>>> print(open('structure-v9.cif').read())   # mmCIF, C-alpha atoms, pLDDT in the B column; chains and numbers go by the auth columns
data_structure
loop_
_atom_site.group_PDB
_atom_site.id
_atom_site.type_symbol
_atom_site.label_atom_id
_atom_site.label_comp_id
_atom_site.label_asym_id
_atom_site.label_seq_id
_atom_site.Cartn_x
_atom_site.Cartn_y
_atom_site.Cartn_z
_atom_site.B_iso_or_equiv
_atom_site.auth_seq_id
_atom_site.auth_asym_id
ATOM 1 C CA GLN A 1 5.952 7.849 -28.271 83.00 26 A
ATOM 2 C CA LEU A 2 3.920 5.477 -26.117 90.00 27 A
ATOM 3 C CA GLN A 3 5.591 2.109 -25.706 96.00 28 A
ATOM 4 C CA LEU A 4 4.938 -1.009 -23.614 98.00 29 A
ATOM 5 C CA VAL A 5 7.695 -3.557 -23.100 98.00 30 A
ATOM 6 C CA GLU A 6 7.043 -7.004 -21.609 98.00 31 A
ATOM 7 C CA SER A 7 9.750 -9.108 -19.990 98.00 32 A
ATOM 8 C CA GLY A 8 10.138 -12.078 -17.672 98.00 33 A
ATOM 9 C CA GLY A 9 9.028 -14.898 -19.931 98.00 34 A
ATOM 10 C CA GLY A 10 10.875 -18.185 -20.121 98.00 35 A
ATOM 11 C CA THR A 11 10.652 -21.960 -19.914 98.00 36 A
ATOM 12 C CA VAL A 12 9.736 -23.597 -16.603 98.00 37 A
ATOM 13 C CA GLN A 13 8.594 -26.947 -15.281 98.00 38 A
ATOM 14 C CA PRO A 14 4.878 -27.427 -14.581 98.00 39 A
ATOM 15 C CA GLY A 15 4.085 -26.228 -11.074 98.00 40 A
ATOM 16 C CA GLU A 16 6.732 -23.510 -11.095 98.00 41 A
ATOM 17 C CA SER A 17 6.277 -19.732 -11.126 98.00 42 A
ATOM 18 C CA LEU A 18 7.172 -16.754 -13.295 98.00 43 A
ATOM 19 C CA ARG A 19 6.664 -13.013 -12.959 98.00 44 A
ATOM 20 C CA LEU A 20 6.020 -10.993 -16.088 98.00 45 A
ATOM 21 C CA SER A 21 6.646 -7.246 -16.227 98.00 46 A
ATOM 22 C CA CYS A 22 4.980 -4.660 -18.424 98.00 47 A
ATOM 23 C CA LYS A 23 6.946 -1.406 -18.341 98.00 48 A
ATOM 24 C CA ALA A 24 5.679 1.781 -19.953 97.00 49 A
ATOM 25 C CA PHE A 25 7.848 4.328 -21.732 97.00 50 A
ATOM 26 C CA GLY A 26 6.671 7.768 -22.768 94.00 51 A
ATOM 27 C CA PHE A 27 3.582 7.901 -20.572 94.00 52 A
ATOM 28 C CA ALA A 28 2.465 7.440 -16.968 95.00 53 A
ATOM 29 C CA LEU A 29 1.019 3.961 -16.790 95.00 54 A
ATOM 30 C CA HIS A 30 -0.940 4.617 -13.597 93.00 55 A
ATOM 31 C CA TYR A 31 -3.445 6.682 -15.609 95.00 56 A
ATOM 32 C CA TYR A 32 -4.238 3.639 -17.762 97.00 57 A
ATOM 33 C CA ALA A 33 -6.056 0.382 -17.229 98.00 58 A
ATOM 34 C CA VAL A 34 -3.820 -2.556 -18.147 98.00 59 A
ATOM 35 C CA GLY A 35 -4.781 -5.957 -19.442 98.00 60 A
ATOM 36 C CA TRP A 36 -2.740 -9.126 -19.807 98.00 61 A
ATOM 37 C CA PHE A 37 -3.531 -11.401 -22.726 98.00 62 A
ATOM 38 C CA ARG A 38 -2.092 -14.590 -24.135 98.00 63 A
ATOM 39 C CA GLN A 39 -2.150 -16.361 -27.456 98.00 64 A
ATOM 40 C CA ALA A 40 -1.089 -19.911 -28.194 97.00 65 A
ATOM 41 C CA PRO A 41 -0.369 -21.067 -31.763 93.00 66 A
ATOM 42 C CA GLY A 42 -3.588 -21.629 -33.691 94.00 67 A
ATOM 43 C CA GLN A 43 -5.741 -20.158 -30.942 96.00 68 A
ATOM 44 C CA GLU A 44 -7.460 -16.828 -30.404 96.00 69 A
ATOM 45 C CA ARG A 45 -6.042 -14.204 -28.077 97.00 70 A
ATOM 46 C CA GLU A 46 -7.397 -14.732 -24.555 97.00 71 A
ATOM 47 C CA GLY A 47 -7.780 -12.219 -21.746 98.00 72 A
ATOM 48 C CA VAL A 48 -5.954 -13.403 -18.624 98.00 73 A
ATOM 49 C CA ALA A 49 -6.096 -10.550 -16.114 98.00 74 A
ATOM 50 C CA CYS A 50 -6.639 -6.820 -15.939 98.00 75 A
ATOM 51 C CA ILE A 51 -6.264 -3.999 -13.444 98.00 76 A
ATOM 52 C CA SER A 52 -8.013 -0.632 -13.503 97.00 77 A
ATOM 53 C CA SER A 53 -6.070 2.630 -13.490 95.00 78 A
ATOM 54 C CA ALA A 54 -6.905 3.202 -9.833 86.00 79 A
ATOM 55 C CA GLY A 55 -6.104 -0.403 -8.993 87.00 80 A
ATOM 56 C CA SER A 56 -9.537 -0.754 -7.423 90.00 81 A
ATOM 57 C CA THR A 57 -10.749 -3.354 -9.899 96.00 82 A
ATOM 58 C CA ILE A 58 -8.912 -6.537 -10.826 97.00 83 A
ATOM 59 C CA ASN A 59 -10.404 -9.259 -13.010 97.00 84 A
ATOM 60 C CA TYR A 60 -9.100 -12.724 -13.834 98.00 85 A
ATOM 61 C CA ALA A 61 -10.065 -15.349 -16.350 98.00 86 A
ATOM 62 C CA ASP A 62 -11.521 -18.430 -14.681 98.00 87 A
ATOM 63 C CA SER A 63 -8.641 -20.502 -16.010 97.00 88 A
ATOM 64 C CA VAL A 64 -6.080 -18.571 -13.913 98.00 89 A
ATOM 65 C CA LYS A 65 -8.024 -17.579 -10.786 98.00 90 A
ATOM 66 C CA GLY A 66 -6.157 -18.522 -7.648 97.00 91 A
ATOM 67 C CA ARG A 67 -2.886 -18.993 -9.557 98.00 92 A
ATOM 68 C CA PHE A 68 -2.155 -15.610 -11.170 98.00 93 A
ATOM 69 C CA SER A 69 -2.137 -12.153 -9.620 98.00 94 A
ATOM 70 C CA VAL A 70 -1.724 -8.714 -11.168 98.00 95 A
ATOM 71 C CA SER A 71 -0.314 -5.619 -9.494 96.00 96 A
ATOM 72 C CA ARG A 72 1.082 -2.247 -10.424 95.00 97 A
ATOM 73 C CA ASP A 73 4.058 -0.228 -9.169 95.00 98 A
ATOM 74 C CA MET A 74 3.795 3.490 -9.800 93.00 99 A
ATOM 75 C CA THR A 75 7.439 4.126 -8.886 95.00 100 A
ATOM 76 C CA THR A 76 8.710 1.907 -11.709 96.00 101 A
ATOM 77 C CA ASN A 77 5.831 2.617 -14.129 97.00 102 A
ATOM 78 C CA THR A 78 5.274 -1.119 -14.363 97.00 103 A
ATOM 79 C CA VAL A 79 2.436 -3.635 -14.105 98.00 104 A
ATOM 80 C CA TYR A 80 3.279 -7.189 -13.049 98.00 105 A
ATOM 81 C CA LEU A 81 1.657 -10.553 -13.667 98.00 106 A
ATOM 82 C CA GLN A 82 2.709 -13.094 -11.052 98.00 107 A
ATOM 83 C CA MET A 83 2.018 -16.584 -12.374 98.00 108 A
ATOM 84 C CA GLY A 84 2.078 -19.583 -10.033 97.00 109 A
ATOM 85 C CA SER A 85 1.391 -23.307 -10.376 97.00 110 A
ATOM 86 C CA LEU A 86 1.996 -23.063 -14.104 98.00 111 A
ATOM 87 C CA LYS A 87 0.435 -25.706 -16.299 98.00 112 A
ATOM 88 C CA PRO A 88 1.328 -26.844 -19.823 97.00 113 A
ATOM 89 C CA GLU A 89 -1.884 -25.191 -21.044 97.00 114 A
ATOM 90 C CA ASP A 90 -0.540 -21.811 -19.856 98.00 115 A
ATOM 91 C CA THR A 91 2.070 -22.003 -22.614 98.00 116 A
ATOM 92 C CA ALA A 92 1.588 -18.999 -24.920 98.00 117 A
ATOM 93 C CA THR A 93 2.915 -15.615 -25.913 98.00 118 A
ATOM 94 C CA TYR A 94 1.822 -13.130 -23.266 98.00 119 A
ATOM 95 C CA TYR A 95 1.014 -9.521 -24.107 98.00 120 A
ATOM 96 C CA CYS A 96 0.169 -6.485 -22.027 98.00 121 A
ATOM 97 C CA ALA A 97 -2.096 -3.739 -23.286 98.00 122 A
ATOM 98 C CA ALA A 98 -3.160 -0.346 -21.942 98.00 123 A
ATOM 99 C CA ASP A 99 -5.861 2.223 -22.497 97.00 124 A
ATOM 100 C CA VAL A 100 -7.792 4.960 -20.755 96.00 125 A
ATOM 101 C CA PHE A 101 -11.427 4.200 -20.017 94.00 126 A
ATOM 102 C CA ALA A 102 -14.212 6.635 -19.247 89.00 127 A
ATOM 103 C CA VAL A 103 -14.810 4.893 -15.918 88.00 128 A
ATOM 104 C CA GLN A 104 -11.503 4.714 -14.069 86.00 129 A
ATOM 105 C CA ALA A 105 -12.700 1.786 -11.987 90.00 130 A
ATOM 106 C CA MET A 106 -13.111 -0.418 -15.038 94.00 131 A
ATOM 107 C CA CYS A 107 -10.842 -2.844 -16.816 97.00 132 A
ATOM 108 C CA TYR A 108 -11.686 -5.447 -19.455 97.00 133 A
ATOM 109 C CA LEU A 109 -10.554 -8.881 -20.549 98.00 134 A
ATOM 110 C CA ASP A 110 -11.583 -8.093 -24.140 97.00 135 A
ATOM 111 C CA SER A 111 -8.585 -7.300 -26.348 96.00 136 A
ATOM 112 C CA LYS A 112 -10.695 -5.016 -28.546 97.00 137 A
ATOM 113 C CA GLU A 113 -10.948 -2.505 -25.705 96.00 138 A
ATOM 114 C CA TYR A 114 -7.224 -1.683 -25.689 97.00 139 A
ATOM 115 C CA LYS A 115 -5.297 0.617 -28.001 96.00 140 A
ATOM 116 C CA TYR A 116 -1.657 0.255 -26.883 97.00 141 A
ATOM 117 C CA TRP A 117 0.132 -3.097 -26.990 98.00 142 A
ATOM 118 C CA GLY A 118 3.521 -4.557 -26.172 98.00 143 A
ATOM 119 C CA GLN A 119 5.473 -6.945 -28.370 97.00 144 A
ATOM 120 C CA GLY A 120 4.873 -10.041 -26.229 98.00 145 A
ATOM 121 C CA THR A 121 6.978 -12.459 -24.208 98.00 146 A
ATOM 122 C CA GLN A 122 6.973 -16.246 -24.512 98.00 147 A
ATOM 123 C CA VAL A 123 6.001 -18.456 -21.575 98.00 148 A
ATOM 124 C CA THR A 124 6.480 -22.216 -21.804 98.00 149 A
ATOM 125 C CA ALA A 125 5.564 -24.697 -19.077 98.00 150 A
ATOM 126 C CA SER A 126 6.864 -28.094 -20.063 96.00 151 A
ATOM 127 C CA SER A 127 8.540 -31.112 -18.514 93.00 152 A
#
>>> encode(input="structure-v9.cif", output="structure tokens")
Amino acid sequence: QLQLVESGGGTVQPGESLRLSCKAFGFALHYYAVGWFRQAPGQEREGVACISSAGSTINYADSVKGRFSVSRDMTTNTVYLQMGSLKPEDTATYYCAADVFAVQAMCYLDSKEYKYWGQGTQVTASS
């Protein structure tokens, strides 16, 4: 059974950092592109970052460029989202998603492209 589990969320002060983890169970995550998404109450799900299966392509939403970075660790079957300089508007539930794409160098910030999803982890940046 393919399963993604996010962790690392929490409540921080604006300007602080958090690292989210997306660990895969039941499959080798390095064969899959992975996307990070977030959804705040009353808002649509937004693509934040993604990394291709080969790691050769990484995309970020304009709202997080220069503050967030995504990476993968094959040894732990995990993809990370390092979030820095957090702002109140980054407050949301964060989800990771994975899928295999025909072009291994591709990843997408569109949630409709992904089949497998985690349960989400809450991130709150508030003073």
>>> resolve_selection(input="structure-v9.cif", expression="the PyMOL selection byres ((chain A and resi 31-46) around 8)", output="list in words")
Leu29, Val30, Cys47, Lys48, Thr103, Val104, Tyr105, Leu106, Gln107, Met108, Gly109, Ser110, Leu111, Lys112, Pro113, Tyr120, Cys121, Gly143, Gln144, Gly145, Thr146, Gln147, Val148, Thr149, Ala150, Ser151 and Ser152 of chain A
>>> residues_around(input="structure-v9.cif", residues="Ala127 (chain A)", least_positions_apart="6", cutoff="12 Å", atoms="all atoms listed in the file", output="ChimeraX atom specification")
/A:56-58,77-78,138
>>> closest_residue(input="structure-v9.cif", among="A:Phe62, A:Tyr85, A:Phe93, A:Tyr141", to="Ala49 (chain A)", atoms="all atoms listed in the file")
A:Tyr141
>>> resolve_selection(input="structure-v9.cif", expression="the PyMOL selection byres ((chain A and resi 134) around 7)", output="list in words")
Gly60, Gly72, Val73, Ala74, Cys75, Tyr133, Asp135 and Ser136 of chain A
>>> closest_atom_pairs(input="structure-v9.cif", of="region 38-88 of chain A", to="region 97-100 of chain A", cutoff="8 Å", atoms="only C-alpha atoms", output="Markdown table")
| residue | atom | partner | partner_atom | distance |
| --- | --- | --- | --- | --- |
| A:Leu54 | CA | A:Met99 | CA | 7.5 |
| A:His55 | CA | A:Met99 | CA | 6.2 |
| A:Gly80 | CA | A:Arg97 | CA | 7.6 |
>>> closest_residue(input="structure-v9.cif", among="A:Gln26, A:Ser88, A:Trp142, A:Phe50", to="Tyr119 (chain A)", atoms="only C-alpha atoms")
A:Trp142
>>> atom_distance(input="structure-v9.cif", atom1="CA of Pro66 (chain A)", atom2="CA of Asp87 (chain A)")
20.6 Å
>>> atom_distance(input="structure-v9.cif", atom1="CA of Val95 (chain A)", atom2="CA of Ala123 (chain A)")
13.7 Å
>>> atom_distance(input="structure-v9.cif", atom1="CA of Gly91 (chain A)", atom2="CA of Gln64 (chain A)")
20.3 Å
>>> closest_residue(input="structure-v9.cif", among="A:Leu27, A:Glu114, A:Phe52, A:Lys140", to="Phe126 (chain A)", atoms="all atoms listed in the file")
A:Lys140
>>> decode(input="structure-v9.cif", residues="region 53-147 of chain A", atoms="C-alpha atoms", output="mmCIF file, in the first residue's frame")
data_model
loop_
_atom_site.group_PDB
_atom_site.id
_atom_site.type_symbol
_atom_site.label_atom_id
_atom_site.label_comp_id
_atom_site.auth_asym_id
_atom_site.auth_seq_id
_atom_site.Cartn_x
_atom_site.Cartn_y
_atom_site.Cartn_z
ATOM 1 C CA ALA A 53 10.550 3.973 -3.603
ATOM 2 C CA LEU A 54 9.947 7.697 -3.618
ATOM 3 C CA HIS A 55 12.942 8.473 -5.830
ATOM 4 C CA TYR A 56 11.026 7.098 -8.834
ATOM 5 C CA TYR A 57 8.299 9.707 -8.301
ATOM 6 C CA ALA A 58 8.035 13.437 -8.761
ATOM 7 C CA VAL A 59 6.904 15.100 -5.532
ATOM 8 C CA GLY A 60 4.933 18.272 -5.058
ATOM 9 C CA TRP A 61 4.278 20.329 -1.947
ATOM 10 C CA PHE A 62 0.935 22.081 -1.669
ATOM 11 C CA ARG A 63 -0.816 24.161 0.944
ATOM 12 C CA GLN A 64 -4.375 25.106 1.726
ATOM 13 C CA ALA A 65 -5.580 27.791 4.096
ATOM 14 C CA PRO A 66 -9.181 27.842 5.373
ATOM 15 C CA GLY A 67 -11.555 29.129 2.708
ATOM 16 C CA GLN A 68 -8.877 29.146 0.028
ATOM 17 C CA GLU A 69 -7.986 26.860 -2.856
ATOM 18 C CA ARG A 70 -5.085 24.440 -2.660
ATOM 19 C CA GLU A 71 -1.900 26.140 -3.878
ATOM 20 C CA GLY A 72 1.234 24.577 -5.326
ATOM 21 C CA VAL A 73 4.304 25.629 -3.337
ATOM 22 C CA ALA A 74 7.232 23.608 -4.678
ATOM 23 C CA CYS A 75 7.981 20.455 -6.611
ATOM 24 C CA ILE A 76 10.953 18.271 -7.462
ATOM 25 C CA SER A 77 11.263 15.840 -10.359
ATOM 26 C CA SER A 78 12.076 12.172 -9.811
ATOM 27 C CA ALA A 79 15.648 12.710 -10.975
ATOM 28 C CA GLY A 80 15.944 15.865 -8.899
ATOM 29 C CA SER A 81 16.999 17.760 -12.010
ATOM 30 C CA THR A 82 13.981 20.052 -12.017
ATOM 31 C CA ILE A 83 12.750 22.081 -9.062
ATOM 32 C CA ASN A 84 9.963 24.647 -9.295
ATOM 33 C CA TYR A 85 8.718 27.147 -6.729
ATOM 34 C CA ALA A 86 5.687 29.365 -6.498
ATOM 35 C CA ASP A 87 6.609 33.037 -6.745
ATOM 36 C CA SER A 88 5.303 33.593 -3.232
ATOM 37 C CA VAL A 89 8.000 31.338 -1.706
ATOM 38 C CA LYS A 90 10.989 31.791 -4.028
ATOM 39 C CA GLY A 91 14.122 32.612 -2.095
ATOM 40 C CA ARG A 92 12.574 31.453 1.196
ATOM 41 C CA PHE A 93 11.671 27.782 0.656
ATOM 42 C CA SER A 94 13.786 24.956 -0.722
ATOM 43 C CA VAL A 95 12.917 21.365 -1.580
ATOM 44 C CA SER A 96 15.260 18.385 -1.540
ATOM 45 C CA ARG A 97 15.104 14.622 -1.495
ATOM 46 C CA ASP A 98 17.043 11.961 0.421
ATOM 47 C CA MET A 99 17.037 8.551 -1.211
ATOM 48 C CA THR A 100 18.484 6.833 1.866
ATOM 49 C CA THR A 101 15.497 7.802 4.021
ATOM 50 C CA ASN A 102 12.903 7.709 1.209
ATOM 51 C CA THR A 103 11.961 11.256 2.133
ATOM 52 C CA VAL A 104 11.432 14.630 0.461
ATOM 53 C CA TYR A 105 11.953 17.767 2.546
ATOM 54 C CA LEU A 106 10.569 21.285 2.363
ATOM 55 C CA GLN A 107 12.815 23.747 4.179
ATOM 56 C CA MET A 108 10.836 26.896 4.937
ATOM 57 C CA GLY A 109 12.614 30.079 6.025
ATOM 58 C CA SER A 110 11.551 33.641 6.829
ATOM 59 C CA LEU A 111 8.023 32.430 7.472
ATOM 60 C CA LYS A 112 5.231 34.947 7.146
ATOM 61 C CA PRO A 113 1.699 34.928 8.573
ATOM 62 C CA GLU A 114 0.399 34.348 5.036
ATOM 63 C CA ASP A 115 2.308 31.034 4.929
ATOM 64 C CA THR A 116 -0.102 29.687 7.544
ATOM 65 C CA ALA A 117 -1.896 26.660 6.062
ATOM 66 C CA THR A 118 -2.120 22.898 6.043
ATOM 67 C CA TYR A 119 0.763 21.587 3.958
ATOM 68 C CA TYR A 120 0.466 18.432 1.875
ATOM 69 C CA CYS A 121 2.920 16.412 -0.164
ATOM 70 C CA ALA A 122 1.888 14.486 -3.243
ATOM 71 C CA ALA A 123 3.657 12.070 -5.585
ATOM 72 C CA ASP A 124 3.228 10.609 -9.032
ATOM 73 C CA VAL A 125 5.168 9.188 -11.943
ATOM 74 C CA PHE A 126 5.314 11.356 -15.043
ATOM 75 C CA ALA A 127 6.147 10.320 -18.580
ATOM 76 C CA VAL A 128 9.027 12.806 -18.626
ATOM 77 C CA GLN A 129 11.207 12.142 -15.594
ATOM 78 C CA ALA A 130 12.590 15.667 -15.680
ATOM 79 C CA MET A 131 9.177 17.189 -15.073
ATOM 80 C CA CYS A 132 7.297 18.198 -11.967
ATOM 81 C CA TYR A 133 4.165 20.325 -11.625
ATOM 82 C CA LEU A 134 2.641 22.805 -9.217
ATOM 83 C CA ASP A 135 -0.858 21.724 -10.297
ATOM 84 C CA SER A 136 -2.513 19.456 -7.726
ATOM 85 C CA LYS A 137 -4.525 17.699 -10.441
ATOM 86 C CA GLU A 138 -1.344 16.097 -11.769
ATOM 87 C CA TYR A 139 -0.732 13.995 -8.646
ATOM 88 C CA LYS A 140 -2.360 10.727 -7.635
ATOM 89 C CA TYR A 141 -0.885 9.958 -4.190
ATOM 90 C CA TRP A 142 -1.349 12.327 -1.254
ATOM 91 C CA GLY A 143 -0.389 12.584 2.393
ATOM 92 C CA GLN A 144 -2.711 13.587 5.211
ATOM 93 C CA GLY A 145 -1.227 17.058 5.736
ATOM 94 C CA THR A 146 0.588 18.903 8.506
ATOM 95 C CA GLN A 147 -0.364 22.280 9.962
#
